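For reference, input_2.cif is printed below; it contains mmCIF, C-alpha atoms.
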data_target
#
loop_
_atom_site.label_atom_id
_atom_site.label_comp_id
_atom_site.auth_asym_id
_atom_site.auth_seq_id
_atom_site.Cartn_x
_atom_site.Cartn_y
_atom_site.Cartn_z
CA MET A 1 0.00 0.00 0.00
CA GLN A 2 1.35 3.42 -0.94
CA PHE A 3 0.67 6.42 1.28
CA SER A 4 1.27 9.70 -0.48
CA GLY A 5 0.82 13.39 0.25
CA PRO A 6 2.10 15.46 3.17
CA GLU A 7 1.66 14.07 6.65
CA ARG A 8 -0.65 15.85 9.00
CA GLU A 9 0.91 17.75 11.81
CA ARG A 10 2.03 15.41 14.56
CA THR A 11 -0.27 17.28 16.93
CA SER A 12 -3.26 16.05 14.90
CA GLY A 13 -2.31 12.45 15.64
CA GLU A 14 -1.81 13.32 19.28
CA VAL A 15 -5.34 14.73 19.43
CA VAL A 16 -6.71 11.44 18.08
CA ILE A 17 -4.65 9.47 20.61
CA HIS A 18 -6.01 11.64 23.41
CA GLN A 19 -9.60 11.15 22.20
CA LEU A 20 -9.04 7.41 21.93
CA TYR A 21 -7.71 7.37 25.48
CA GLU A 22 -10.80 9.21 26.70
CA ILE A 23 -13.06 6.66 25.02
CA THR A 24 -11.22 3.55 26.14
CA SER A 25 -10.78 4.71 29.74
CA ASP A 26 -14.48 5.45 30.21
CA PHE A 27 -15.15 2.36 32.30
CA GLU A 28 -18.75 3.35 33.00
CA ALA A 29 -19.60 3.00 29.32
CA GLY A 30 -20.54 -0.43 28.01
CA PHE A 31 -18.25 -2.14 25.53
CA ASP A 32 -20.69 -1.68 22.65
CA GLN A 33 -20.83 2.03 23.41
CA GLN A 34 -17.03 2.23 23.47
CA VAL A 35 -16.70 0.44 20.14
CA GLU A 36 -19.26 2.72 18.53
CA ALA A 37 -17.41 5.73 19.92
CA VAL A 38 -14.16 4.44 18.38
CA LEU A 39 -15.91 3.99 15.04
CA GLN A 40 -17.30 7.51 15.27
CA LEU A 41 -13.82 8.83 16.05
CA GLY A 42 -12.51 7.03 12.99
CA ARG A 43 -15.22 8.49 10.78
CA GLU A 44 -14.31 11.99 11.92
CA THR A 45 -10.56 11.44 11.78
CA PHE A 46 -10.49 9.92 8.30
CA ASP A 47 -13.43 11.95 6.93
CA LEU A 48 -15.33 8.81 5.91
CA ASP A 49 -19.03 8.07 6.41
CA ILE A 50 -19.11 4.41 7.44
CA GLY A 51 -17.21 2.63 10.21
CA ILE A 52 -17.34 -1.14 10.64
CA VAL A 53 -15.79 -3.83 12.79
CA ALA A 54 -16.18 -6.97 10.70
CA GLN A 55 -15.61 -10.59 11.61
CA ILE A 56 -14.26 -12.56 8.70
CA GLU A 57 -14.36 -16.31 8.23
CA PRO A 58 -13.84 -16.80 4.49
CA PRO A 59 -15.94 -16.81 2.44
CA ASN A 60 -18.16 -14.88 4.87
CA TYR A 61 -18.02 -11.30 6.12
CA GLU A 62 -20.17 -10.40 9.12
CA VAL A 63 -20.83 -6.97 10.61
CA ARG A 64 -20.17 -7.02 14.37
CA TRP A 65 -20.37 -3.27 15.03
CA ALA A 66 -21.20 -0.44 12.65
CA VAL A 67 -21.73 3.31 12.63
CA SER A 68 -23.21 4.80 9.48
CA PRO A 69 -25.07 7.91 8.30
CA PRO A 70 -28.85 8.09 7.86
CA GLY A 71 -29.96 6.14 4.83
CA VAL A 72 -27.20 3.55 5.12
CA GLU A 73 -28.71 0.56 6.91
CA LEU A 74 -26.09 -1.56 8.63
CA SER A 75 -26.77 -3.78 11.62
CA ARG A 76 -24.92 -6.32 13.69
CA GLY A 77 -25.24 -9.71 12.06
CA ASP A 78 -25.49 -8.43 8.48
CA ARG A 79 -23.56 -10.85 6.29
CA PHE A 80 -21.93 -10.48 2.90
CA LYS A 81 -19.67 -12.50 0.68
CA LEU A 82 -16.12 -11.52 1.54
CA ALA A 83 -15.23 -11.40 -2.16
CA ASN A 84 -17.81 -8.65 -2.64
CA THR A 85 -16.20 -6.37 -0.04
CA TYR A 86 -13.06 -4.27 -0.13
CA CYS A 87 -11.97 -6.13 2.99
CA SER A 88 -11.03 -9.05 0.75
CA MET A 89 -8.11 -6.88 -0.34
CA VAL A 90 -7.03 -6.50 3.30
CA VAL A 91 -7.21 -10.26 3.78
CA ASP A 92 -5.20 -10.90 0.62
CA ALA A 93 -2.60 -8.28 1.50
CA GLU A 94 -2.49 -9.28 5.18
CA GLY A 95 -2.07 -5.59 5.82
CA PRO A 96 -3.64 -2.14 5.44
CA VAL A 97 -5.48 -1.03 2.32
CA GLY A 98 -6.52 2.52 1.57
CA PHE A 99 -7.60 4.53 -1.45
CA ALA A 100 -9.21 7.93 -1.85
CA HIS A 101 -11.01 7.58 -5.20
CA ALA A 102 -11.83 4.10 -6.50
CA ALA A 103 -13.18 5.33 -9.84
CA GLU A 104 -9.76 6.73 -10.69
CA SER A 105 -7.85 3.54 -9.85
CA ASP A 106 -7.76 -0.17 -10.63
CA VAL A 107 -10.11 -0.69 -7.68
CA VAL A 108 -12.98 0.23 -9.99
CA ARG A 109 -12.84 -3.36 -11.28
CA HIS A 110 -13.34 -4.85 -7.81
CA PRO A 111 -16.76 -6.50 -7.26
CA ALA A 112 -17.35 -4.28 -4.23
CA TYR A 113 -17.32 -1.17 -6.39
CA GLY A 114 -20.08 -2.50 -8.59
CA ALA A 115 -22.08 -3.71 -5.58
CA PHE A 116 -21.80 -0.69 -3.28
CA ARG A 117 -20.24 2.18 -5.26
CA LEU A 118 -17.95 3.09 -2.38
CA GLU A 119 -15.27 5.49 -3.61
CA ALA A 120 -13.03 5.77 -0.54
CA TYR A 121 -11.89 3.01 1.79
CA PHE A 122 -9.45 2.53 4.64
CA GLY A 123 -9.08 -0.82 6.41
CA VAL A 124 -6.63 -2.83 8.49
CA PRO A 125 -6.57 -6.40 9.79
CA LEU A 126 -7.99 -6.92 13.26
CA TYR A 127 -6.23 -9.55 15.34
CA VAL A 128 -7.54 -11.15 18.52
CA ASN A 129 -4.98 -13.13 20.50
CA ARG A 130 -2.67 -13.05 17.45
CA ARG A 131 -5.29 -14.63 15.22
CA ARG A 132 -7.10 -12.78 12.49
CA PHE A 133 -10.56 -11.85 13.67
CA GLY A 134 -11.57 -9.60 10.79
CA THR A 135 -11.04 -5.97 9.90
CA LEU A 136 -11.54 -2.46 11.16
CA ASN A 137 -12.61 -0.48 8.14
CA PHE A 138 -14.02 2.88 7.10
CA SER A 139 -15.54 3.86 3.77
CA SER A 140 -17.55 6.47 1.94
CA ALA A 141 -19.59 6.83 -1.22
CA GLN A 142 -17.82 10.14 -1.83
CA PRO A 143 -14.18 10.40 -2.91
CA ARG A 144 -11.73 11.59 -0.29
CA ALA A 145 -9.95 14.86 -0.98
CA ARG A 146 -6.52 13.54 -0.06
CA GLN A 147 -4.61 10.31 0.22
CA PHE A 148 -4.15 8.58 3.56
CA THR A 149 -0.99 9.41 5.45
CA GLY A 150 1.34 7.63 7.81
CA VAL A 151 -0.34 9.38 10.72
CA ASP A 152 -3.71 8.04 9.52
CA LEU A 153 -2.20 4.55 9.43
CA ASP A 154 -0.82 4.91 12.96
CA CYS A 155 -4.24 6.01 14.20
CA ILE A 156 -6.26 3.20 12.62
CA ARG A 157 -3.72 0.61 13.78
CA LEU A 158 -3.95 1.97 17.32
CA MET A 159 -7.74 1.68 17.18
CA ALA A 160 -7.50 -1.89 15.85
CA THR A 161 -4.99 -2.85 18.54
CA TRP A 162 -7.29 -1.65 21.30
CA LEU A 163 -10.28 -3.43 19.76
CA GLY A 164 -8.40 -6.72 19.39
CA THR A 165 -7.01 -6.55 22.91
CA GLU A 166 -10.38 -5.71 24.43
CA ILE A 167 -12.26 -8.40 22.50
CA HIS A 168 -9.71 -10.96 23.70
CA ARG A 169 -9.87 -9.71 27.29
CA ARG A 170 -13.65 -9.96 27.33
CA ARG A 171 -13.53 -13.44 25.83
CA VAL A 172 -11.13 -14.55 28.57
CA GLU A 173 -13.30 -12.93 31.24
CA GLY A 174 -16.35 -14.66 29.80
CA GLU A 175 -14.63 -18.05 29.85
CA LEU A 176 -13.41 -17.47 33.41
CA ALA A 177 -16.92 -16.51 34.48
CA LYS A 178 -18.33 -19.68 32.90
CA THR A 179 -15.65 -21.76 34.62
CA ARG A 180 -16.35 -20.09 37.95
CA LEU A 181 -20.09 -20.71 37.62
CA HIS A 182 -19.41 -24.31 36.64
CA LEU A 183 -17.18 -24.85 39.67
CA GLU A 184 -19.70 -23.18 41.96
CA ARG A 185 -22.37 -25.47 40.57
CA LEU A 186 -20.15 -28.52 41.07
CA VAL A 187 -19.56 -27.81 44.76
CA ARG A 188 -23.32 -27.40 45.28
CA THR A 189 -24.50 -30.32 43.15
CA ASP A 190 -24.68 -34.06 43.75
CA PRO A 191 -22.86 -35.61 40.77
CA LEU A 192 -24.99 -38.76 40.65
CA THR A 193 -28.41 -37.09 40.51
CA GLU A 194 -27.57 -33.48 39.57
CA LEU A 195 -29.78 -32.38 42.46
CA LEU A 196 -28.36 -30.07 45.09
CA ASN A 197 -26.03 -31.69 47.60
CA ARG A 198 -26.05 -31.07 51.35
CA ARG A 199 -24.12 -27.81 50.97
CA GLY A 200 -26.38 -26.59 48.19
CA MET A 201 -29.49 -27.42 50.19
CA ARG A 202 -28.12 -25.61 53.24
CA GLU A 203 -27.71 -22.47 51.14
CA ALA A 204 -31.19 -22.94 49.64
CA ILE A 205 -32.71 -23.35 53.10
CA GLU A 206 -31.10 -20.13 54.30
CA GLY A 207 -32.35 -18.26 51.24
CA HIS A 208 -35.90 -19.58 51.42
CA SER A 209 -36.05 -18.88 55.13
CA ARG A 210 -35.27 -15.20 54.48
CA ARG A 211 -37.74 -14.98 51.60
CA SER A 212 -40.46 -16.63 53.65
CA GLU A 213 -40.13 -14.00 56.35
CA ARG A 214 -39.94 -11.18 53.81
CA ASP A 215 -42.89 -12.28 51.67
CA GLY A 216 -45.04 -13.67 54.47
CA LEU A 217 -45.49 -17.02 52.72
CA PRO A 218 -45.31 -20.56 54.08
CA VAL A 219 -42.59 -23.06 53.22
CA SER A 220 -43.20 -26.79 53.11
CA ALA A 221 -40.63 -29.56 53.20
CA ILE A 222 -40.73 -33.17 52.04
CA LEU A 223 -38.11 -35.54 53.44
CA ILE A 224 -37.73 -38.81 51.51
CA ASP A 225 -35.89 -42.03 52.28
CA ILE A 226 -35.70 -45.09 50.02
CA ASP A 227 -36.93 -48.14 51.90
CA ASP A 228 -34.50 -51.04 52.29
CA PHE A 229 -31.99 -49.45 49.95
CA LYS A 230 -29.19 -51.51 51.47
CA LYS A 231 -30.99 -54.59 50.21
CA VAL A 232 -30.84 -53.23 46.65
CA ASN A 233 -27.10 -52.66 46.92
CA ASP A 234 -26.42 -56.00 48.60
CA THR A 235 -28.60 -58.00 46.22
CA LEU A 236 -28.05 -56.28 42.88
CA GLY A 237 -24.84 -54.32 43.36
CA HIS A 238 -23.94 -50.68 43.68
CA SER A 239 -24.35 -50.00 39.96
CA MET A 240 -28.02 -50.94 40.12
CA GLY A 241 -28.29 -49.01 43.37
CA ASP A 242 -27.07 -45.91 41.56
CA GLU A 243 -29.74 -46.45 38.90
CA VAL A 244 -32.40 -46.54 41.59
CA ILE A 245 -31.04 -43.35 43.15
CA ARG A 246 -31.13 -41.60 39.77
CA SER A 247 -34.66 -42.81 39.03
CA VAL A 248 -35.99 -41.60 42.37
CA ALA A 249 -34.25 -38.24 41.88
CA GLU A 250 -35.85 -37.88 38.46
CA HIS A 251 -39.33 -38.54 39.85
CA VAL A 252 -38.74 -36.02 42.63
CA ARG A 253 -37.56 -33.42 40.12
CA ALA A 254 -40.49 -34.08 37.77
CA SER A 255 -43.00 -33.58 40.59
CA LEU A 256 -41.78 -30.11 41.56
CA ARG A 257 -42.34 -26.63 40.20
CA PRO A 258 -39.46 -24.50 38.85
CA ALA A 259 -39.54 -22.46 42.08
CA ASP A 260 -39.08 -25.57 44.25
CA VAL A 261 -35.67 -27.03 45.09
CA ALA A 262 -34.60 -30.58 45.75
CA GLY A 263 -31.44 -32.15 47.03
CA ARG A 264 -29.82 -35.44 47.87
CA ILE A 265 -28.56 -35.04 51.41
CA GLY A 266 -27.56 -38.62 52.14
CA GLY A 267 -26.94 -41.91 50.41
CA ASP A 268 -30.62 -42.70 49.98
CA GLU A 269 -32.18 -39.57 51.44
CA PHE A 270 -33.70 -36.62 49.57
CA VAL A 271 -35.33 -33.38 50.61
CA ALA A 272 -37.57 -30.98 48.69
CA LEU A 273 -38.39 -27.41 49.70
CA LEU A 274 -41.64 -25.96 48.37
CA PRO A 275 -41.83 -22.20 48.97
CA GLY A 276 -45.29 -20.67 49.09
CA THR A 277 -46.87 -24.13 49.40
CA THR A 278 -49.36 -25.13 52.09
CA LEU A 279 -49.12 -28.34 54.06
CA SER A 280 -52.13 -29.75 52.19
CA ASP A 281 -50.61 -29.09 48.77
CA ALA A 282 -47.22 -30.42 49.86
CA SER A 283 -48.84 -33.67 51.00
CA ILE A 284 -50.35 -34.08 47.53
CA VAL A 285 -46.91 -33.65 45.96
CA ALA A 286 -45.43 -36.18 48.39
CA SER A 287 -48.13 -38.73 47.57
CA ARG A 288 -47.52 -38.19 43.85
CA ILE A 289 -43.80 -38.87 44.31
CA SER A 290 -44.51 -41.98 46.39
CA GLN A 291 -46.94 -43.34 43.81
CA ALA A 292 -44.61 -42.68 40.86
CA VAL A 293 -41.64 -44.34 42.55
CA GLY A 294 -43.83 -47.23 43.70
CA GLU A 295 -44.37 -48.12 40.06
CA LEU A 296 -40.64 -48.61 39.56
CA THR A 297 -39.35 -52.14 39.38
CA VAL A 298 -35.79 -53.38 39.54
CA GLN A 299 -34.37 -56.41 37.76
CA ASP A 300 -37.42 -57.91 36.05
CA ASP A 301 -40.01 -57.20 38.77
CA ASP A 302 -38.06 -59.12 41.41
CA LEU A 303 -37.62 -56.06 43.60
CA GLY A 304 -39.84 -53.02 43.99
CA VAL A 305 -38.92 -49.56 45.24
CA THR A 306 -40.88 -47.78 47.96
CA LEU A 307 -40.38 -44.60 49.95
CA SER A 308 -40.87 -43.42 53.49
CA ILE A 309 -41.76 -39.73 53.53
CA GLY A 310 -42.30 -37.00 56.09
CA VAL A 311 -44.12 -33.76 55.23
CA ALA A 312 -44.27 -30.57 57.29
CA SER A 313 -44.88 -26.87 56.76
CA VAL A 314 -43.93 -23.65 58.50
CA LYS A 315 -45.63 -20.27 58.50
CA PRO A 316 -43.62 -17.04 58.71
CA GLY A 317 -42.81 -16.04 62.26
CA THR A 318 -43.71 -19.40 63.81
CA SER A 319 -40.42 -21.29 63.46
CA SER A 320 -37.41 -21.51 61.18
CA VAL A 321 -36.99 -23.60 58.06
CA THR A 322 -34.21 -25.43 59.90
CA ASP A 323 -36.71 -26.41 62.61
CA LEU A 324 -39.02 -27.51 59.81
CA LEU A 325 -36.47 -30.05 58.60
CA THR A 326 -36.05 -31.37 62.12
CA ARG A 327 -39.79 -31.99 62.23
CA THR A 328 -39.75 -33.78 58.88
CA GLU A 329 -37.06 -36.11 60.24
CA MET A 330 -39.37 -37.09 63.08
CA LEU A 331 -42.23 -37.62 60.63
CA LEU A 332 -39.99 -39.73 58.40
CA ARG A 333 -39.13 -41.86 61.42
CA ASP A 334 -42.85 -42.32 62.03
CA SER A 335 -43.25 -43.52 58.43
CA LYS A 336 -40.51 -46.10 58.95
CA GLN A 337 -42.09 -47.32 62.18
CA ALA A 338 -45.48 -47.56 60.47
CA GLY A 339 -44.13 -50.21 58.15
CA LYS A 340 -42.46 -48.09 55.45
CA ASN A 341 -43.97 -47.17 52.07
CA THR A 342 -45.82 -44.45 53.97
CA VAL A 343 -46.32 -40.68 53.75
CA THR A 344 -46.66 -39.10 57.19
CA VAL A 345 -47.99 -35.55 57.21
CA GLU A 346 -47.64 -33.27 60.20
CA ALA A 347 -50.87 -32.46 61.96
CA ALA A 348 -52.07 -29.03 60.85
CA ALA A 349 -51.78 -26.35 63.51
CA SER A 350 -55.15 -25.23 64.78
#
Whole structure, structure tokens version:
Amino acid sequence: MQFSGPERERTSGEVVIHQLYEITSDFEAGFDQQVEAVLQLGRETFDLDIGIVAQIEPPNYEVRWAVSPPGVELSRGDRFKLANTYCSMVVDAEGPVGFAHAAESDVVRHPAYGAFRLEAYFGVPLYVNRRRFGTLNFSSAQPRARQFTGVDLDCIRLMATWLGTEIHRRRVEGELAKTRLHLERLVRTDPLTELLNRRGMREAIEGHSRRSERDGLPVSAILIDIDDFKKVNDTLGHSMGDEVIRSVAEHVRASLRPADVAGRIGGDEFVALLPGTTLSDASIVASRISQAVGELTVQDDDLGVTLSIGVASVKPGTSSVTDLLTRTEMLLRDSKQAGKNTVTVEAAAS
């Protein structure tokens, strides 16, 4: 690429650098707003109408950010054939491309000229983590009065460097955030059933206890134990025991609303919290779980699966959710003593 004509005064480049610094150090602005401000700065600096950050994966060209004048409709996600854009020249050259008047140069034969009639263009490669992401480019339907200078090139490269660095940084932050959320989920989740584990349920109990007091709504709890689970393990092996655990967990999950939470808090013990649910409604849910699991059979009908269940409810201001779980343990014990395969519901307070 040949840059001709006198360079601007060095102070002009310094003004652009200062403006770019102001934009990129405005941490209260969102990233999209910063990118659009950089594109606007480029339009003003290079005296061109359209500014685009494009992502390029040959043969495709996709607009990621754009600033354009009224009447020129460009939106994120707009896609074009790379060969029909001037950016194909940047990709081929692996470097900057700029021209002030396409009609007076060989560029007039480029497919982009016939498609868009853009007379002036200035673009550079955009790299993210040392890999080509696309281009930063500016263009106009009107010829430019002068050729691009070395100062112009320094300015557009500086803009592209910031964009590439910031895109990469945000990608890394996004991946770290996903990893952190995944790890947080792992430490709160039982790997066999994907229900909450004891730690996750403890946090859920604390949260629902606060919300119950705040909203003035009841919270019900269902404590579940698989009857004679040791017999399943001893007779059929731990692998089949795991299948039973997963099946019970799935029936518990399927019986609850999105607002409810369930966890596996012991080898064969589960608990469900039902916020805003009365004791009567919770007992219906418990019976539904018991019936669904009772239809399960293991190893060709030789062994059935039944549950012992305790159900209790707490109203705001009467006792804590922690006390509620203690009461469900007592009710579960009553179910076991009653011969198992039983749902024991706490007597409603008068």
Since I can't run it myself right now, could you work out what the PyMOL selection byres ((chain A and resi 340) around 12) selects here and report it as number ranges by chain? A: 224-229, 290, 294, 305-310, 331-339, 341-344
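Among the candidate residues A:Gly207, A:Pro58, A:Gly114, A:Pro125, the one lying nearest to Ala93 in chain A is A:Pro125, with distances computed using all atoms listed in the file.
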Hey, what's within 7 Å of range 119-124 of chain A if we count all atoms listed in the file and toss same-chain stuff fewer than 4 positions away? As a ChimeraX atom specification, please? /A:87,90,95-103,135-144,157
Please save C-alpha atoms of the selected residues as a tab-separated table (two decimals), in the frame of the given file.
chain	number	residue	atom	x	y	z
A	87	CYS	CA	-11.97	-6.13	2.99
A	90	VAL	CA	-7.03	-6.50	3.30
A	95	GLY	CA	-2.07	-5.59	5.82
A	96	PRO	CA	-3.64	-2.14	5.44
A	97	VAL	CA	-5.48	-1.03	2.32
A	98	GLY	CA	-6.52	2.52	1.57
A	99	PHE	CA	-7.60	4.53	-1.45
A	100	ALA	CA	-9.21	7.93	-1.85
A	101	HIS	CA	-11.01	7.58	-5.20
A	102	ALA	CA	-11.83	4.10	-6.50
A	103	ALA	CA	-13.18	5.33	-9.84
A	135	THR	CA	-11.04	-5.97	9.90
A	136	LEU	CA	-11.54	-2.46	11.16
A	137	ASN	CA	-12.61	-0.48	8.14
A	138	PHE	CA	-14.02	2.88	7.10
A	139	SER	CA	-15.54	3.86	3.77
A	140	SER	CA	-17.55	6.47	1.94
A	141	ALA	CA	-19.59	6.83	-1.22
A	142	GLN	CA	-17.82	10.14	-1.83
A	143	PRO	CA	-14.18	10.40	-2.91
A	144	ARG	CA	-11.73	11.59	-0.29
A	157	ARG	CA	-3.72	0.61	13.78
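Restricting the calculation to only C-alpha atoms, the smallest distance between Ala262 in chain A and any of A:Thr161, A:Gln40, A:Ser212, A:Thr189 is found for A:Thr189.
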Set the distance at 9 Å and use all atoms listed in the file: which residues neighbour range 28-35 of chain A once local chain neighbours fewer than 4 positions away are removed? I'd like the list as an MDAnalysis selection string. chainID A and resid 23:24 39:40 53 65:66 163 166
Output the selection as a PDB file, in the coordinates of the input - C-alpha atoms for each residue.
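Saved to result-v6.pdb:
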ATOM      1  CA  ILE A  23     -13.060   6.660  25.020  1.00  0.00           C
ATOM      2  CA  THR A  24     -11.220   3.550  26.140  1.00  0.00           C
ATOM      3  CA  LEU A  39     -15.910   3.990  15.040  1.00  0.00           C
ATOM      4  CA  GLN A  40     -17.300   7.510  15.270  1.00  0.00           C
ATOM      5  CA  VAL A  53     -15.790  -3.830  12.790  1.00  0.00           C
ATOM      6  CA  TRP A  65     -20.370  -3.270  15.030  1.00  0.00           C
ATOM      7  CA  ALA A  66     -21.200  -0.440  12.650  1.00  0.00           C
ATOM      8  CA  LEU A 163     -10.280  -3.430  19.760  1.00  0.00           C
ATOM      9  CA  GLU A 166     -10.380  -5.710  24.430  1.00  0.00           C
TER      10      GLU A 166
END
Restricting the calculation to all atoms listed in the file, which member of A:Glu194, A:Leu303, A:Arg170, A:Gly216 is positioned closest to Val232 in chain A?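 Among the listed residues, A:Leu303 lies closest to Val232 in chain A.
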For CA of His168 in chain A and CA of Tyr127 in chain A, quote the distance in Å rounded to one decimal.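 That distance, rounded to one decimal, is 9.2 Å.
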Can you list what the PyMOL selection byres ((chain A and resi 269) around 9) grabs from this structure, as a PyMOL selection string? chain A and resi 223-226+263-268+270-271
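Shortest atom-to-atom contact with Glu36 in chain A among A:Phe133, A:Leu296, A:Arg109, A:Met159: A:Met159, counting all atoms listed in the file.
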With 8 Å of padding per side, what axis-aligned box (centre and edge lengths, Å, one decimal) covers all the listed atoms of range 225-230 of chain A? Give it as lines of an AutoDock Vina configuration file.
center_x = -33.1
center_y = -46.8
center_z = 51.1
size_x = 23.7
size_y = 25.5
size_z = 18.3
Just the residues within 9 Å of Pro69 in chain A, please, counting all atoms listed in the file, with nothing from its chain fewer than 3 positions along; format it as a ChimeraX atom specification. /A:49-50,72-73
Could you check how far CA of Thr149 in chain A sits from CA of Val63 in chain A, in Å to one decimal?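 According to the coordinates, CA of Thr149 in chain A and CA of Val63 in chain A are separated by 26.2 Å.
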I'd like the interatomic distance between CA of Glu22 in chain A and CA of Val128 in chain A, to a tenth of an Å.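 Going from CA of Glu22 in chain A over to CA of Val128 in chain A covers 22.2 Å.
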Protein, DNA and RNA residues within 10 Å of (-21.6, -2.6, -2.3), only C-alpha atoms, as a list of chain:residue names: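 Counting only C-alpha atoms, I find these residues within 10 Å of (-21.6, -2.6, -2.3): A:Phe80, A:Asn84, A:Thr85, A:Tyr86, A:Pro111, A:Ala112, A:Tyr113, A:Gly114, A:Ala115, A:Phe116, A:Arg117, A:Leu118, A:Ala141.
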Under the PyMOL selection byres ((chain A and resi 243) around 12), which residues of this model are included? Write them out as a list in words.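 This file gives the following for the PyMOL selection byres ((chain A and resi 243) around 12): Leu192, Thr193, Phe229, Val232, Asn233, Leu236, Gly237, His238, Ser239, Met240, Gly241, Asp242, Val244, Ile245, Arg246, Ser247, Val248, Ala249, Glu250, Asp268, Leu296, Thr297, Val298, Gln299 and Val305 of chain A.
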